[in-house]
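Here's the structure we're looking at; comments come further down.
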Amino acid sequence: MNSDGVNETNGLTTKAEIGLWNLLKKNLESRNQNDAVFYLRHFIKPVSEYVSENGKYKEVGFTMYKRISDYSVQQNSTSGELFSWYFDKLREKSTRKLKADECLRIASAIALPAAGARLEESGYEKLGNDFIFSARWAHSHNEIIVEGDFIQVMVNGETGVPFSFSQKWHVVDETFTER
């Protein structure tokens with residue numbers, strides 16, 4: 001904290017950031033775009049590039065970064081095991097350009113299906129205006145399906161880039177337990 005009681009992080013002063021947000025808010029409100037003010041902090045991120053002294057004033061230069069997509073990941077908090085990830089931007093403008101067997105090869109490389117994985121379904125599906133490739137494996141143990149266990153990968157059929165991975169997979173314990 002400096003002598004003005006302002007926290008400074010990487011040269012970005014809280015006062016400068018507040019001033020920037022107020023300026024952006026005032027600009028949008030002057031153009032009657034009040035709704036945009038509410039979402040502004042979600043879609044842009046100012047990052048301080050420099051702070052320089054100009055007499056009794058500080059000049060703070062910002063670079064503005066824009067959010068382009070949502071990305072989510074779920075992991076086991078204890079083991080770090082990956083449960084799922086999804087990157088929406090990679091899904092955009094998906095078509096049926098690639099053959100289904102090529103998409104399945106790409107999906108298999110991401111899924112790395114374990115012993116006991118049986119390909120349950122694979123193929124193109126319509127999602128909004130896009131066609132996406134989806135492959136889903138079921139978990140089979142001693143020829144019995146393990147209920148609820150699966151691996152699923154979705155691939156952009158235009159670019160061949162996977163954009164979604166989900167799995168729920170248990171190790172089957174056959175030891176007797178009394179319930």
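Residues are referred to by chain and number: the chain letter is A, B, ... according to the order shown in the structure tokens, the number counts from 1 in that chain, and ligands are numbered separately from 1 in the order shown.
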
As number ranges by chain, please: the residues near Val155 in chain A (cut-off 7 Å, only C-alpha atoms, same-chain neighbours under 6 positions excluded).
A: 103, 107, 132-134, 161-163

Using DSSP assignments from the backbone, pull out every residue in range 40-117 of chain A that falls under strand (DSSP E or B) and give it to me as a ChimeraX atom specification.
/A:44-54,57-66,71-75,82-87,117

Output file for the selection above: C-alpha atoms, as a PDB file, in the first residue's frame:
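Output saved as again28.pdb:
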ATOM      1  CA  ILE A  44     -12.704  -7.239 -20.937  1.00  0.00           C
ATOM      2  CA  LYS A  45      -9.642  -7.198 -18.734  1.00  0.00           C
ATOM      3  CA  PRO A  46      -7.332  -4.199 -18.485  1.00  0.00           C
ATOM      4  CA  VAL A  47      -3.675  -5.017 -17.804  1.00  0.00           C
ATOM      5  CA  SER A  48      -1.253  -2.310 -16.776  1.00  0.00           C
ATOM      6  CA  GLU A  49       1.654  -1.951 -19.199  1.00  0.00           C
ATOM      7  CA  TYR A  50       3.470   0.922 -17.540  1.00  0.00           C
ATOM      8  CA  VAL A  51       3.289   3.563 -14.842  1.00  0.00           C
ATOM      9  CA  SER A  52       5.264   6.768 -15.270  1.00  0.00           C
ATOM     10  CA  GLU A  53       5.548   9.912 -13.171  1.00  0.00           C
ATOM     11  CA  ASN A  54       4.451  13.151 -14.857  1.00  0.00           C
ATOM     12  CA  TYR A  57       0.433  12.905 -11.706  1.00  0.00           C
ATOM     13  CA  LYS A  58       1.002   9.264 -12.550  1.00  0.00           C
ATOM     14  CA  GLU A  59       0.339   8.072 -16.063  1.00  0.00           C
ATOM     15  CA  VAL A  60      -0.862   4.486 -16.286  1.00  0.00           C
ATOM     16  CA  GLY A  61      -0.940   2.749 -19.667  1.00  0.00           C
ATOM     17  CA  PHE A  62      -3.310  -0.164 -20.163  1.00  0.00           C
ATOM     18  CA  THR A  63      -3.709  -2.906 -22.700  1.00  0.00           C
ATOM     19  CA  MET A  64      -7.264  -4.176 -22.973  1.00  0.00           C
ATOM     20  CA  TYR A  65      -7.831  -7.895 -23.394  1.00  0.00           C
ATOM     21  CA  LYS A  66     -11.143  -9.302 -24.575  1.00  0.00           C
ATOM     22  CA  TYR A  71     -13.388 -22.667 -20.873  1.00  0.00           C
ATOM     23  CA  SER A  72     -14.212 -25.013 -18.054  1.00  0.00           C
ATOM     24  CA  VAL A  73     -12.318 -27.839 -16.383  1.00  0.00           C
ATOM     25  CA  GLN A  74     -13.374 -30.284 -13.677  1.00  0.00           C
ATOM     26  CA  GLN A  75     -10.792 -32.232 -11.721  1.00  0.00           C
ATOM     27  CA  LEU A  82      -9.316 -34.957 -14.999  1.00  0.00           C
ATOM     28  CA  PHE A  83     -13.107 -35.384 -15.198  1.00  0.00           C
ATOM     29  CA  SER A  84     -13.928 -32.991 -18.024  1.00  0.00           C
ATOM     30  CA  TRP A  85     -12.997 -29.924 -20.037  1.00  0.00           C
ATOM     31  CA  TYR A  86     -14.893 -27.803 -22.535  1.00  0.00           C
ATOM     32  CA  PHE A  87     -13.635 -24.959 -24.767  1.00  0.00           C
ATOM     33  CA  ALA A 117     -14.100 -49.444 -22.938  1.00  0.00           C
TER      34      ALA A 117
END

Can you pull out the residues contacting range 111-115 of chain A? Cut-off 9 Å, using only C-alpha atoms, and skip same-chain residues under 4 positions away; I want them as a ChimeraX atom specification.
/A:106-107,119,137,139-141,151-153,165-167

With N, CA and C atoms retained, write the just-selected residues as a compact mmCIF listing (two decimals), in the first residue's frame.
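Now in result.txt:
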# COMPACT_ATOMS: atom_id res chain seq x y z
N ILE A 106 -9.23 -39.06 -33.97
CA ILE A 106 -8.86 -37.89 -33.16
C ILE A 106 -9.47 -38.02 -31.76
N ALA A 107 -10.75 -38.40 -31.70
CA ALA A 107 -11.43 -38.55 -30.41
C ALA A 107 -10.78 -39.64 -29.56
N LEU A 119 -16.90 -48.86 -27.60
CA LEU A 119 -17.46 -47.74 -28.34
C LEU A 119 -18.97 -47.94 -28.42
N TRP A 137 -17.81 -43.84 -25.25
CA TRP A 137 -17.44 -45.19 -24.86
C TRP A 137 -18.14 -45.53 -23.55
N HIS A 139 -18.28 -48.23 -20.19
CA HIS A 139 -17.36 -49.05 -19.39
C HIS A 139 -17.98 -50.43 -19.22
N SER A 140 -17.26 -51.43 -19.65
CA SER A 140 -17.70 -52.81 -19.53
C SER A 140 -16.69 -53.57 -18.69
N HIS A 141 -17.18 -54.33 -17.71
CA HIS A 141 -16.30 -55.15 -16.86
C HIS A 141 -16.85 -56.57 -16.87
N ILE A 151 -16.87 -42.39 -21.31
CA ILE A 151 -15.93 -41.39 -21.80
C ILE A 151 -16.57 -40.80 -23.05
N GLN A 152 -16.57 -39.48 -23.16
CA GLN A 152 -17.15 -38.83 -24.35
C GLN A 152 -16.22 -37.72 -24.81
N VAL A 153 -16.00 -37.68 -26.12
CA VAL A 153 -15.18 -36.63 -26.73
C VAL A 153 -15.96 -36.06 -27.91
N PHE A 165 -14.30 -32.93 -23.58
CA PHE A 165 -13.93 -34.24 -23.06
C PHE A 165 -14.64 -34.42 -21.72
N SER A 166 -15.28 -35.57 -21.52
CA SER A 166 -15.92 -35.88 -20.24
C SER A 166 -15.71 -37.36 -19.95
N GLN A 167 -15.49 -37.64 -18.67
CA GLN A 167 -15.38 -39.05 -18.29
C GLN A 167 -15.83 -39.26 -16.85

Picked from range 2-151 of chain A by DSSP as helix (DSSP H, G or I), as an MDAnalysis selection string
chainID A and resid 14:30 34:43 88:91 100:111

Excluding same-chain residues fewer than 2 positions from Val37 in chain A, what lies within 7 Å of it counting only C-alpha atoms, as a PyMOL selection string?
chain A and resi 25+28+34-35+39-40

Include C-alpha atoms and write out the residues we just selected as an mmCIF file, in the first residue's frame.
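Below is the file that was written, result04.cif:
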data_model
loop_
_atom_site.group_PDB
_atom_site.id
_atom_site.type_symbol
_atom_site.label_atom_id
_atom_site.label_comp_id
_atom_site.auth_asym_id
_atom_site.auth_seq_id
_atom_site.Cartn_x
_atom_site.Cartn_y
_atom_site.Cartn_z
ATOM 1 C CA LYS A 25 -18.991 3.251 -17.857
ATOM 2 C CA LEU A 28 -21.299 3.623 -22.574
ATOM 3 C CA ASN A 34 -26.496 0.982 -19.874
ATOM 4 C CA ASP A 35 -26.961 -2.793 -20.214
ATOM 5 C CA TYR A 39 -21.344 -7.146 -18.549
ATOM 6 C CA LEU A 40 -18.258 -5.073 -19.234
#

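Coordinates place CA of Phe150 in chain A at a distance of 21.2 Å from CA of Arg91 in chain A.
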
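Distances to Asn129 in chain A were evaluated for A:Ile144, A:Trp21, A:Asn156, A:Thr95 using only C-alpha atoms, and the minimum falls at A:Thr95.
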
Nearest residue to Trp169 in chain A from the set A:Asp130, A:Ala16, A:Glu81, A:Leu104 (distances using only C-alpha atoms)
A:Glu81

Which one of A:Lys26, A:Arg31, A:Arg67, A:Lys126 sits closest to Phe43 in chain A if you count only C-alpha atoms?
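Checking each candidate against Phe43 in chain A, we get A:Arg67 as the closest.
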
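Proximity ranking of A:Glu17, A:Glu174, A:Glu29, A:Glu102 relative to Arg41 in chain A places A:Glu17 first, based on only C-alpha atoms.
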
Between A:Ser69, A:Asn142, A:Ser164, A:Leu20, which is the closest to His42 in chain A once you count only C-alpha atoms?
A:Ser69
